>>> print(open('target30.txt').read())   # compact mmCIF, C-alpha atoms
# COMPACT_ATOMS: atom_id res chain seq x y z
CA MET A 784 -7.70 13.14 4.26
CA ILE A 785 -4.95 10.63 5.04
CA ILE A 786 -5.14 9.49 1.41
CA PRO A 787 -4.86 12.62 -0.78
CA LEU A 788 -7.82 13.35 -3.05
CA ASN A 789 -5.60 13.08 -6.14
CA SER A 790 -3.85 9.89 -5.02
CA TYR A 791 -3.68 6.93 -7.39
CA ILE A 792 -4.94 4.85 -4.47
CA ARG A 793 -8.14 6.89 -4.52
CA LYS A 794 -8.35 7.30 -8.31
CA PRO A 795 -6.58 4.40 -10.02
CA PRO A 796 -5.96 4.77 -13.79
CA ILE A 797 -7.72 2.32 -16.10
CA VAL A 798 -4.36 0.92 -17.27
CA LEU A 799 -4.04 -0.95 -13.97
CA GLN A 800 -5.06 -4.57 -13.72
CA PRO A 801 -8.39 -5.30 -11.97
CA LYS A 802 -6.57 -7.00 -9.07
CA GLN A 803 -4.46 -3.89 -8.50
CA VAL A 804 -7.57 -1.71 -8.49
CA VAL A 805 -9.26 -3.95 -5.91
CA ILE A 806 -6.14 -3.77 -3.71
CA PHE A 807 -6.24 0.04 -3.90
CA ASN A 808 -9.95 0.00 -3.07
CA ALA A 809 -9.32 -2.18 -0.01
CA ILE A 810 -6.58 0.17 1.19
CA ARG A 811 -8.71 3.24 0.56
CA TYR A 812 -11.72 1.96 2.48
CA SER A 813 -9.75 0.58 5.43
CA VAL A 814 -7.83 3.86 5.81
CA ASP A 815 -10.86 6.11 5.26
CA ILE A 816 -12.84 4.18 7.88
CA CYS A 817 -9.92 4.50 10.33
CA GLN A 818 -9.76 8.24 9.74
CA LEU A 819 -13.50 8.87 9.98
CA CYS A 820 -13.82 6.78 13.15
CA TYR A 821 -10.82 8.51 14.68
CA GLU A 822 -12.18 11.99 13.94
CA ARG A 823 -15.55 11.00 15.39
CA LEU A 824 -13.86 9.45 18.44
CA VAL A 825 -12.00 12.68 19.16
CA ARG A 826 -15.24 14.65 18.93
CA GLU A 827 -17.00 12.18 21.22
CA LEU A 828 -14.22 12.38 23.81
CA GLU A 829 -14.35 16.16 23.79
CA ILE A 830 -18.12 16.12 24.28
CA ILE A 831 -18.27 13.45 26.98
CA THR A 832 -15.58 15.19 29.05
CA ASP A 833 -17.80 18.23 29.48
CA LYS A 834 -21.10 16.38 29.56
CA ASN A 835 -23.20 16.51 32.71
CA ASN A 836 -25.53 13.61 31.93
CA ILE A 837 -23.93 10.46 30.52
CA THR A 838 -26.40 8.32 28.54
CA GLN A 839 -26.48 4.57 27.94
CA GLU A 840 -25.28 5.14 24.37
CA ASP A 841 -22.20 7.23 25.15
CA PHE A 842 -19.80 4.46 26.14
CA PRO A 843 -20.79 1.96 23.38
CA ASN A 844 -20.44 4.75 20.81
CA ILE A 845 -16.87 5.41 21.92
CA PHE A 846 -15.86 1.75 22.09
CA SER A 847 -17.50 1.08 18.72
CA ASP A 848 -15.32 3.67 17.00
CA LEU A 849 -12.28 2.56 18.97
CA TRP A 850 -12.55 -1.09 17.98
CA SER A 851 -13.41 -0.15 14.40
CA ILE A 852 -10.18 1.85 14.16
CA MET A 853 -8.12 -1.10 15.39
CA ASN A 854 -9.95 -3.62 13.20
CA HIS A 855 -9.52 -1.65 9.97
CA ALA A 856 -5.92 -0.74 10.83
CA VAL A 857 -5.23 -4.49 10.95
CA ILE A 858 -7.03 -5.00 7.62
CA PHE A 859 -4.85 -2.25 6.13
CA LYS A 860 -1.70 -3.88 7.49
CA ASN A 861 -2.63 -7.33 6.19
CA ILE A 862 -3.20 -5.97 2.68
CA VAL A 863 0.05 -4.00 2.70
CA CYS A 864 2.09 -6.97 3.91
CA LYS A 865 0.61 -9.33 1.33
CA TYR A 866 0.68 -7.13 -1.76
CA PHE A 867 3.39 -4.53 -1.09
CA GLN A 868 5.99 -6.96 0.27
CA VAL A 869 6.37 -5.17 3.59
CA LEU A 870 7.50 -7.37 6.48
CA GLU A 871 5.09 -7.78 9.38
CA SER A 872 7.98 -6.97 11.70
CA ASP A 873 8.54 -3.57 10.07
CA LYS A 874 8.81 -0.87 12.75
CA SER A 875 6.01 1.09 11.03
CA PHE A 876 3.60 -1.62 12.23
CA PHE A 877 4.59 -1.44 15.91
CA GLU A 878 1.30 0.04 17.12
CA ILE A 879 -0.81 -1.78 14.52
CA ASN A 880 0.70 -5.10 15.63
CA LYS A 881 -0.58 -4.37 19.14
CA ALA A 882 -3.99 -3.64 17.62
CA LYS A 883 -3.85 -7.02 15.87
CA LYS A 884 -3.19 -8.87 19.12
CA LEU A 885 -6.02 -7.03 20.83
CA ARG A 886 -8.40 -7.67 17.94
CA ASN A 887 -7.50 -11.37 17.75
CA SER A 888 -8.11 -11.75 21.45
CA GLN A 889 -11.45 -9.91 21.27
CA GLN A 890 -12.61 -12.14 18.41
CA HIS A 891 -12.45 -15.03 20.88
CA ILE A 892 -14.08 -13.16 23.74
CA GLU A 893 -16.20 -16.22 24.55
CA ASP A 894 -12.98 -17.97 25.61
CA ARG A 895 -11.42 -14.89 27.26
CA ILE A 896 -14.38 -14.65 29.66
CA SER A 897 -13.37 -17.83 31.47
CA GLU A 898 -9.61 -17.61 30.80
CA ILE A 899 -8.86 -14.16 32.19
CA LEU A 900 -11.62 -11.51 32.15
CA SER A 901 -13.80 -12.93 34.93
CA LEU A 902 -10.84 -14.31 36.89
CA ASN A 903 -9.11 -10.93 37.06
CA ASP A 904 -12.20 -8.75 36.92
CA LEU A 905 -11.04 -6.98 33.74
CA PRO A 906 -13.23 -4.71 31.59
CA ILE A 907 -15.03 -6.68 28.89
CA TYR A 908 -14.17 -4.25 26.06
CA GLY A 909 -11.16 -2.62 27.73
CA PHE A 910 -10.77 0.88 29.09
CA LEU A 911 -9.75 4.19 27.56
CA THR A 912 -7.92 7.19 28.94
CA TRP A 913 -7.28 10.64 27.46
CA PHE A 914 -6.32 14.19 28.34
CA ARG A 915 -8.74 17.06 27.70
CA ASN A 916 -6.96 20.41 27.39
CA TYR A 917 -8.50 23.85 27.94
CA PRO A 918 -6.04 26.19 26.19
CA ASN A 919 -7.56 29.45 27.46
CA SER A 920 -7.13 28.44 31.08
CA ASN A 921 -4.08 26.14 30.76
CA GLU A 922 -6.18 23.48 32.52
CA THR A 923 -5.99 19.77 31.69
CA ILE A 924 -8.42 17.09 32.82
CA ILE A 925 -7.41 13.41 32.85
CA ASN A 926 -10.32 11.17 31.83
CA ALA A 927 -11.05 7.45 31.78
CA ILE A 928 -13.94 5.23 30.79
CA TYR A 929 -14.28 1.58 31.79
CA SER A 930 -16.42 -0.95 29.93
CA GLY A 931 -18.60 -3.32 31.90
CA THR A 932 -19.28 -3.91 35.59
CA VAL A 933 -16.76 -4.05 38.40
CA THR A 934 -17.64 -7.25 40.28
CA ASN A 935 -14.90 -8.45 42.61
CA LYS A 936 -13.44 -5.19 43.90
CA LYS A 937 -14.65 -1.83 45.12
CA ARG A 938 -13.10 0.25 42.35
CA ALA A 939 -11.74 -0.21 38.85
CA SER A 940 -7.97 -0.27 38.36
CA ILE A 941 -7.08 2.28 35.68
CA HIS A 942 -3.61 3.63 35.08
CA PHE A 943 -1.84 6.06 32.75
CA THR A 944 1.55 5.82 31.09
CA ASN A 945 4.02 8.68 30.62
CA THR A 946 4.48 8.29 26.87
CA ILE A 947 4.12 11.52 24.89
CA ILE A 948 2.41 11.16 21.50
CA GLN A 949 2.36 13.79 18.78
CA ASN A 950 -1.19 14.87 18.05
CA GLU A 951 -2.46 17.71 15.88
CA ASN A 952 -5.60 18.15 17.98
CA PRO A 953 -4.97 20.76 20.71
CA LEU A 954 -7.96 19.72 22.85
CA ILE A 955 -7.82 15.91 23.03
CA GLN A 956 -4.42 14.37 23.71
CA LYS A 957 -2.89 11.01 24.52
CA ILE A 958 -5.76 8.65 23.72
CA GLU A 959 -4.61 5.37 25.24
CA PHE A 960 -6.55 2.11 25.11
CA THR A 961 -5.90 -0.88 27.35
CA GLY A 962 -7.24 -4.36 26.65
CA VAL A 963 -6.26 -8.01 26.96
CA ALA A 964 -3.98 -9.66 24.40
CA ASN A 965 -2.21 -12.99 24.08
CA ASN A 966 1.53 -12.32 24.25
CA GLY A 967 2.32 -16.03 24.15
CA THR A 968 1.37 -18.68 21.58
CA ARG A 969 -1.84 -20.55 20.83
CA LYS A 970 -0.55 -23.63 22.61
CA ASP A 971 0.98 -21.69 25.48
CA PRO A 972 -1.03 -18.46 25.82
CA VAL A 973 0.08 -15.63 28.07
CA PHE A 974 -2.77 -13.18 28.55
CA GLU A 975 -1.66 -9.72 29.59
CA GLU A 976 -2.90 -6.16 29.47
CA GLU A 977 -1.82 -4.42 26.27
CA HIS A 978 -1.65 -0.64 25.83
CA ILE A 979 -2.09 1.03 22.48
CA TYR A 980 -1.78 4.71 21.59
CA ILE A 981 -4.51 5.57 19.11
CA GLU A 982 -2.85 8.78 17.87
CA GLN A 983 0.36 6.88 17.13
CA LEU A 984 -1.56 4.20 15.26
CA ILE A 985 -3.09 6.90 13.04
CA ASN A 986 0.31 8.56 12.62
CA ASP A 987 1.80 5.24 11.49
CA ILE A 988 -0.93 4.80 8.88
CA LYS A 989 -0.32 8.36 7.66
CA GLY A 990 3.40 7.63 7.27
CA LEU A 991 2.81 4.44 5.33
CA ILE A 992 0.27 6.04 3.01
CA SER A 993 2.61 8.97 2.35
CA HIS A 994 5.38 6.53 1.45
CA PHE A 995 3.20 4.44 -0.86
CA ASP A 996 1.65 7.50 -2.49
CA LYS A 997 5.08 8.90 -3.32
CA GLN A 998 6.16 5.59 -4.85
CA LEU A 999 3.00 5.34 -6.94
CA LYS A 1000 3.43 8.87 -8.27
CA GLU A 1001 6.93 7.98 -9.44
CA GLN A 1002 5.84 4.67 -10.99
CA LEU A 1003 2.65 5.93 -12.64
CA SER A 1004 3.67 9.48 -13.56
CA GLU A 1005 3.34 8.70 -17.29
CA PHE A 1006 -0.38 7.97 -16.73
CA ASN A 1007 -1.25 11.38 -15.29
CA ASN A 1008 -3.57 12.20 -18.17
CA VAL A 1009 -5.00 8.72 -18.54
CA GLU A 1010 -8.67 8.09 -17.77
CA LYS A 1011 -9.38 7.04 -14.18
CA HIS A 1012 -11.78 4.38 -12.96
CA VAL A 1013 -15.20 5.47 -11.74
CA SER A 1014 -15.55 4.94 -7.98
CA ASP A 1015 -18.36 4.91 -5.42
CA PHE A 1016 -21.43 5.26 -7.58
>>> encode(input="target30.txt", output="C-alpha cells")
Amino acid sequence: MIIPLNSYIRKPPIVLQPKQVVIFNAIRYSVDICQLCYERLVRELEIITDKNNITQEDFPNIFSDLWSIMNHAVIFKNIVCKYFQVLESDKSFFEINKAKKLRNSQQHIEDRISEILSLNDLPIYGFLTWFRNYPNSNETIINAIYSGTVTNKKRASIHFTNTIIQNENPLIQKIEFTGVANNGTRKDPVFEEEHIYIEQLINDIKGLISHFDKQLKEQLSEFNNVEKHVSDF
C-alpha cells in the first residue's frame, strides 16, 4: 500500500483532534482510491493488449479508472496544500497540477464541445498510450486507445513522447494520457493538448506520503501505545 498499514494516517491515535482525524481520513481515501484504480488500470491494459475481441465495456472501464486516478490525486493535493502548508507550486505537484488542469477542463465538457473538441476533432475523454513488454521474448508492443468517434478526418492523430518513467511493473510501461486543458486564464483561455504520465503521478503521491508519514512518526512517537480510532466499520 502507498500508505503503510501502521501509518498514523491510516490509524490516527485518539489524542488527535476530530478535524485532524477527518483530514487523515480524506488523505487515506483519496490515496487508496488512486492506488486501487491504478492497479486495476494496469491489469486492464495488460488484458486488453492481448485480447482478441474488444467489448463495448473495455474502453469505458479504462477511462473510468484513469479519470478517477486524476480526480482523487487532485483531491489529495488540495487537502495537502490547505492543511499541510505545502505550496501549490511545489515541484512534487508537477504531474498532479497537470491532472488538475485536465480535470477542471473535463468538468466543463459541455463548453469544451463547442470551444475545441468538435472544432479540432479531439477525443471526448482523451486518448491513452502504453507499452506492453513481453520479457521472455524481448518484444514490446506500443498500444493506444482513443475515446469517441473520429468525424472530420480519416484517422485519429495519436503520438508518443520519449520521456522515460520509472515503473515497478515489468509488463506495462509508460502509461501516458493526453487530453485538453486550459493553459491560459478564465478570461483568456488557451486550450491545448496536455500530456500526463500516470506512473509519475503515482510516484509523486508515494513520495509525498513517505515524507508526511516520516514527519508524523517523529511528531507522534510518544503516542505509539495510545489507543487508535476505529475505522471503516
>>> atom_distance(input="target30.txt", atom1="atom CA of A:Leu900", atom2="atom CA of A:Val973")
13.1 Å
>>> residues_near_point(input="target30.txt", point="(-3.0, -10.9, 26.3)", cutoff="12 Å", atoms="all atoms listed in the file", output="VMD selection string")
chain A and resid 881 to 889 891 to 892 895 898 to 900 905 909 961 to 969 971 to 978
>>> atom_distance(input="target30.txt", atom1="atom CA of A:Asp987", atom2="atom CA of A:Asn808")
19.4 Å
>>> residues_around(input="target30.txt", residues="A:Ile852", least_positions_apart="3", cutoff="7 Å", atoms="all atoms listed in the file", output="ChimeraX atom specification")
/A:817,820-821,848-849,855-856
>>> residues_around(input="target30.txt", residues="stretch 786-793 of chain A", least_positions_apart="2", cutoff="9 Å", atoms="all atoms listed in the file", output="list in words")
Met784, Pro795, Pro796, Val804, Ile806, Phe807, Asn808, Ile810, Arg811, Val814, Asp815, Lys989, Ile992, Ser993, Phe995, Asp996, Leu999, Lys1000, Leu1003, Lys1011 and Ser1014 of chain A
>>> closest_residue(input="target30.txt", among="A:Ile845, A:Ile896, A:Ala927, A:Ile862", to="A:Leu911", atoms="only C-alpha atoms")
A:Ala927
>>> closest_residue(input="target30.txt", among="A:Tyr908, A:Tyr812, A:Tyr980, A:Phe960", to="A:Phe877", atoms="all atoms listed in the file")
A:Tyr980
>>> atom_distance(input="target30.txt", atom1="atom CA of A:Ser901", atom2="atom CA of A:Thr934")
8.7 Å
>>> closest_residue(input="target30.txt", among="A:Ile985, A:Ser872, A:Glu922, A:Gly931", to="A:Gln839", atoms="all atoms listed in the file")
A:Gly931
>>> axis_aligned_box(input="target30.txt", around="stretch 993-1000 of chain A", padding_each_side="3 Å", output="AutoDock Vina command-line options")
--center_x 3.9 --center_y 6.7 --center_z -3.0 --size_x 10.5 --size_y 10.5 --size_z 16.6
>>> residues_around(input="target30.txt", residues="A:Val863", least_positions_apart="4", cutoff="10 Å", atoms="only C-alpha atoms", output="number ranges by chain")
A: 806-807, 809-810, 857-859, 867-871, 991, 995
>>> closest_residue(input="target30.txt", among="A:Glu1005, A:Lys997, A:Leu984, A:Ile830", to="A:Lys874", atoms="only C-alpha atoms")
A:Leu984
>>> closest_residue(input="target30.txt", among="A:Val1013, A:Ile988, A:Leu902, A:Leu954", to="A:Arg826", atoms="all atoms listed in the file")
A:Leu954
>>> build_atoms(input="target30.txt", residues="stretch 836-861 of chain A", atoms="N, CA and C atoms", output="PDB file, keeping the file's coordinate frame")
ATOM      1  N   ASN A 836     -24.712  14.821  31.847  1.00  0.00           N
ATOM      2  CA  ASN A 836     -25.530  13.610  31.930  1.00  0.00           C
ATOM      3  C   ASN A 836     -25.063  12.583  30.908  1.00  0.00           C
ATOM      4  N   ILE A 837     -24.398  11.532  31.396  1.00  0.00           N
ATOM      5  CA  ILE A 837     -23.930  10.460  30.520  1.00  0.00           C
ATOM      6  C   ILE A 837     -25.092   9.526  30.219  1.00  0.00           C
ATOM      7  N   THR A 838     -25.305   9.203  28.942  1.00  0.00           N
ATOM      8  CA  THR A 838     -26.400   8.320  28.540  1.00  0.00           C
ATOM      9  C   THR A 838     -25.893   6.895  28.336  1.00  0.00           C
ATOM     10  N   GLN A 839     -26.819   5.976  28.168  1.00  0.00           N
ATOM     11  CA  GLN A 839     -26.480   4.570  27.940  1.00  0.00           C
ATOM     12  C   GLN A 839     -25.732   4.370  26.627  1.00  0.00           C
ATOM     13  N   GLU A 840     -25.900   5.293  25.678  1.00  0.00           N
ATOM     14  CA  GLU A 840     -25.280   5.140  24.370  1.00  0.00           C
ATOM     15  C   GLU A 840     -23.864   5.684  24.305  1.00  0.00           C
ATOM     16  N   ASP A 841     -23.490   6.527  25.246  1.00  0.00           N
ATOM     17  CA  ASP A 841     -22.200   7.230  25.150  1.00  0.00           C
ATOM     18  C   ASP A 841     -21.009   6.283  25.131  1.00  0.00           C
ATOM     19  N   PHE A 842     -20.949   5.358  26.069  1.00  0.00           N
ATOM     20  CA  PHE A 842     -19.800   4.460  26.140  1.00  0.00           C
ATOM     21  C   PHE A 842     -19.735   3.511  24.935  1.00  0.00           C
ATOM     22  N   PRO A 843     -20.843   2.824  24.567  1.00  0.00           N
ATOM     23  CA  PRO A 843     -20.790   1.960  23.380  1.00  0.00           C
ATOM     24  C   PRO A 843     -20.390   2.710  22.112  1.00  0.00           C
ATOM     25  N   ASN A 844     -20.827   3.961  21.969  1.00  0.00           N
ATOM     26  CA  ASN A 844     -20.440   4.750  20.810  1.00  0.00           C
ATOM     27  C   ASN A 844     -18.925   4.909  20.742  1.00  0.00           C
ATOM     28  N   ILE A 845     -18.323   5.206  21.877  1.00  0.00           N
ATOM     29  CA  ILE A 845     -16.870   5.410  21.920  1.00  0.00           C
ATOM     30  C   ILE A 845     -16.138   4.102  21.648  1.00  0.00           C
ATOM     31  N   PHE A 846     -16.550   3.027  22.288  1.00  0.00           N
ATOM     32  CA  PHE A 846     -15.860   1.750  22.090  1.00  0.00           C
ATOM     33  C   PHE A 846     -16.095   1.189  20.685  1.00  0.00           C
ATOM     34  N   SER A 847     -17.234   1.506  20.096  1.00  0.00           N
ATOM     35  CA  SER A 847     -17.500   1.080  18.720  1.00  0.00           C
ATOM     36  C   SER A 847     -16.497   1.694  17.757  1.00  0.00           C
ATOM     37  N   ASP A 848     -16.292   3.002  17.868  1.00  0.00           N
ATOM     38  CA  ASP A 848     -15.320   3.670  17.000  1.00  0.00           C
ATOM     39  C   ASP A 848     -13.904   3.198  17.294  1.00  0.00           C
ATOM     40  N   LEU A 849     -13.610   2.993  18.557  1.00  0.00           N
ATOM     41  CA  LEU A 849     -12.280   2.560  18.970  1.00  0.00           C
ATOM     42  C   LEU A 849     -11.918   1.205  18.369  1.00  0.00           C
ATOM     43  N   TRP A 850     -12.815   0.246  18.513  1.00  0.00           N
ATOM     44  CA  TRP A 850     -12.550  -1.090  17.980  1.00  0.00           C
ATOM     45  C   TRP A 850     -12.588  -1.110  16.455  1.00  0.00           C
ATOM     46  N   SER A 851     -13.385  -0.239  15.858  1.00  0.00           N
ATOM     47  CA  SER A 851     -13.410  -0.150  14.400  1.00  0.00           C
ATOM     48  C   SER A 851     -12.080   0.363  13.866  1.00  0.00           C
ATOM     49  N   ILE A 852     -11.494   1.342  14.551  1.00  0.00           N
ATOM     50  CA  ILE A 852     -10.180   1.850  14.160  1.00  0.00           C
ATOM     51  C   ILE A 852      -9.151   0.723  14.177  1.00  0.00           C
ATOM     52  N   MET A 853      -9.115  -0.029  15.270  1.00  0.00           N
ATOM     53  CA  MET A 853      -8.120  -1.100  15.390  1.00  0.00           C
ATOM     54  C   MET A 853      -8.358  -2.196  14.364  1.00  0.00           C
ATOM     55  N   ASN A 854      -9.623  -2.560  14.156  1.00  0.00           N
ATOM     56  CA  ASN A 854      -9.950  -3.620  13.200  1.00  0.00           C
ATOM     57  C   ASN A 854      -9.513  -3.249  11.791  1.00  0.00           C
ATOM     58  N   HIS A 855      -9.836  -2.038  11.348  1.00  0.00           N
ATOM     59  CA  HIS A 855      -9.520  -1.650   9.970  1.00  0.00           C
ATOM     60  C   HIS A 855      -8.043  -1.296   9.802  1.00  0.00           C
ATOM     61  N   ALA A 856      -7.372  -0.912  10.889  1.00  0.00           N
ATOM     62  CA  ALA A 856      -5.920  -0.740  10.830  1.00  0.00           C
ATOM     63  C   ALA A 856      -5.250  -2.087  10.558  1.00  0.00           C
ATOM     64  N   VAL A 857      -5.773  -3.140  11.170  1.00  0.00           N
ATOM     65  CA  VAL A 857      -5.230  -4.490  10.950  1.00  0.00           C
ATOM     66  C   VAL A 857      -5.516  -4.944   9.516  1.00  0.00           C
ATOM     67  N   ILE A 858      -6.704  -4.663   9.012  1.00  0.00           N
ATOM     68  CA  ILE A 858      -7.030  -5.000   7.620  1.00  0.00           C
ATOM     69  C   ILE A 858      -6.048  -4.295   6.683  1.00  0.00           C
ATOM     70  N   PHE A 859      -5.808  -3.015   6.927  1.00  0.00           N
ATOM     71  CA  PHE A 859      -4.850  -2.250   6.130  1.00  0.00           C
ATOM     72  C   PHE A 859      -3.475  -2.899   6.163  1.00  0.00           C
ATOM     73  N   LYS A 860      -3.019  -3.262   7.356  1.00  0.00           N
ATOM     74  CA  LYS A 860      -1.700  -3.880   7.490  1.00  0.00           C
ATOM     75  C   LYS A 860      -1.616  -5.207   6.744  1.00  0.00           C
ATOM     76  N   ASN A 861      -2.644  -6.030   6.865  1.00  0.00           N
ATOM     77  CA  ASN A 861      -2.630  -7.330   6.190  1.00  0.00           C
ATOM     78  C   ASN A 861      -2.537  -7.182   4.683  1.00  0.00           C
TER      79      ASN A 861
END
